[in-house]
Amino acid sequence: MGEYVKIFIWFFVTWRRFVTGMMVADLMRETMIVILKMSGPLVAIGLFVGVIVSIIQALTQVQEQSLTFVPKLLAIFVGLLIFMPFIGSTLLHFSEQLFFKITQLE
């Protein structure tokens, strides 16, 4: 067996002594909250721009497919530039908490 396989098997066998089901459930809950916090603003921007463009299309009766895609793409890109500090700080805070919890295992 390769060295990496041995390390993986050792880790898989020994981690069960330290990690409980409640810890895994708590970590998954925190992960989902972080994912929603990071993606929520961009999804909301895409939703808002999509509704506005759909209303404009309905009023003008212009049914061009690229008319909905390009404004959403640009709005999400601008939103990504605006919310990047928030996304980065959220991810950094979560990573720090995760690494701290890893060091507390025993």
# chains A, B, ... in the order shown; residues from 1 in each chain; ligands from 1

call {"tool": "residues_around", "arguments": {"residues": "region 87-102 of chain A", "least_positions_apart": "3", "cutoff": "12 Å", "atoms": "only C-alpha atoms", "output": "PyMOL selection string"}}
result
chain A and resi 15+18-19+23-24+26-42+79-84+105-106

call {"tool": "closest_residue", "arguments": {"among": "A:Val53, A:Val5, A:Gln104, A:Leu47", "to": "Val70 (chain A)", "atoms": "only C-alpha atoms"}}
result
A:Val53

call {"tool": "atom_distance", "arguments": {"atom1": "CA of Pro85 (chain A)", "atom2": "CA of Gly46 (chain A)"}}
result
18.9 Å

call {"tool": "residues_around", "arguments": {"residues": "Val49 (chain A)", "least_positions_apart": "5", "cutoff": "9 Å", "atoms": "only C-alpha atoms", "output": "number ranges by chain"}}
result
A: 44, 54, 68, 71-72, 75

call {"tool": "write_last_selection", "arguments": {"atoms": "N, CA and C atoms", "output": "tab-separated table (two decimals), in the first residue's frame"}}
result
chain	number	residue	atom	x	y	z
A	44	ALA	N	-29.85	36.67	-3.71
A	44	ALA	CA	-30.89	37.71	-3.62
A	44	ALA	C	-30.72	38.74	-4.74
A	54	SER	N	-37.64	40.45	-15.92
A	54	SER	CA	-38.86	39.77	-16.36
A	54	SER	C	-40.02	40.74	-16.47
A	68	THR	N	-32.12	38.25	-20.25
A	68	THR	CA	-32.21	37.90	-18.83
A	68	THR	C	-30.86	37.46	-18.28
A	71	PRO	N	-27.82	40.79	-17.74
A	71	PRO	CA	-27.95	41.67	-16.58
A	71	PRO	C	-27.73	40.93	-15.25
A	72	LYS	N	-28.22	39.69	-15.17
A	72	LYS	CA	-28.00	38.91	-13.94
A	72	LYS	C	-26.52	38.63	-13.74
A	75	ALA	N	-24.86	41.87	-12.62
A	75	ALA	CA	-25.27	42.25	-11.26
A	75	ALA	C	-24.62	41.33	-10.22

call {"tool": "atom_distance", "arguments": {"atom1": "CA of Phe86 (chain A)", "atom2": "CA of Phe48 (chain A)"}}
result
19.9 Å
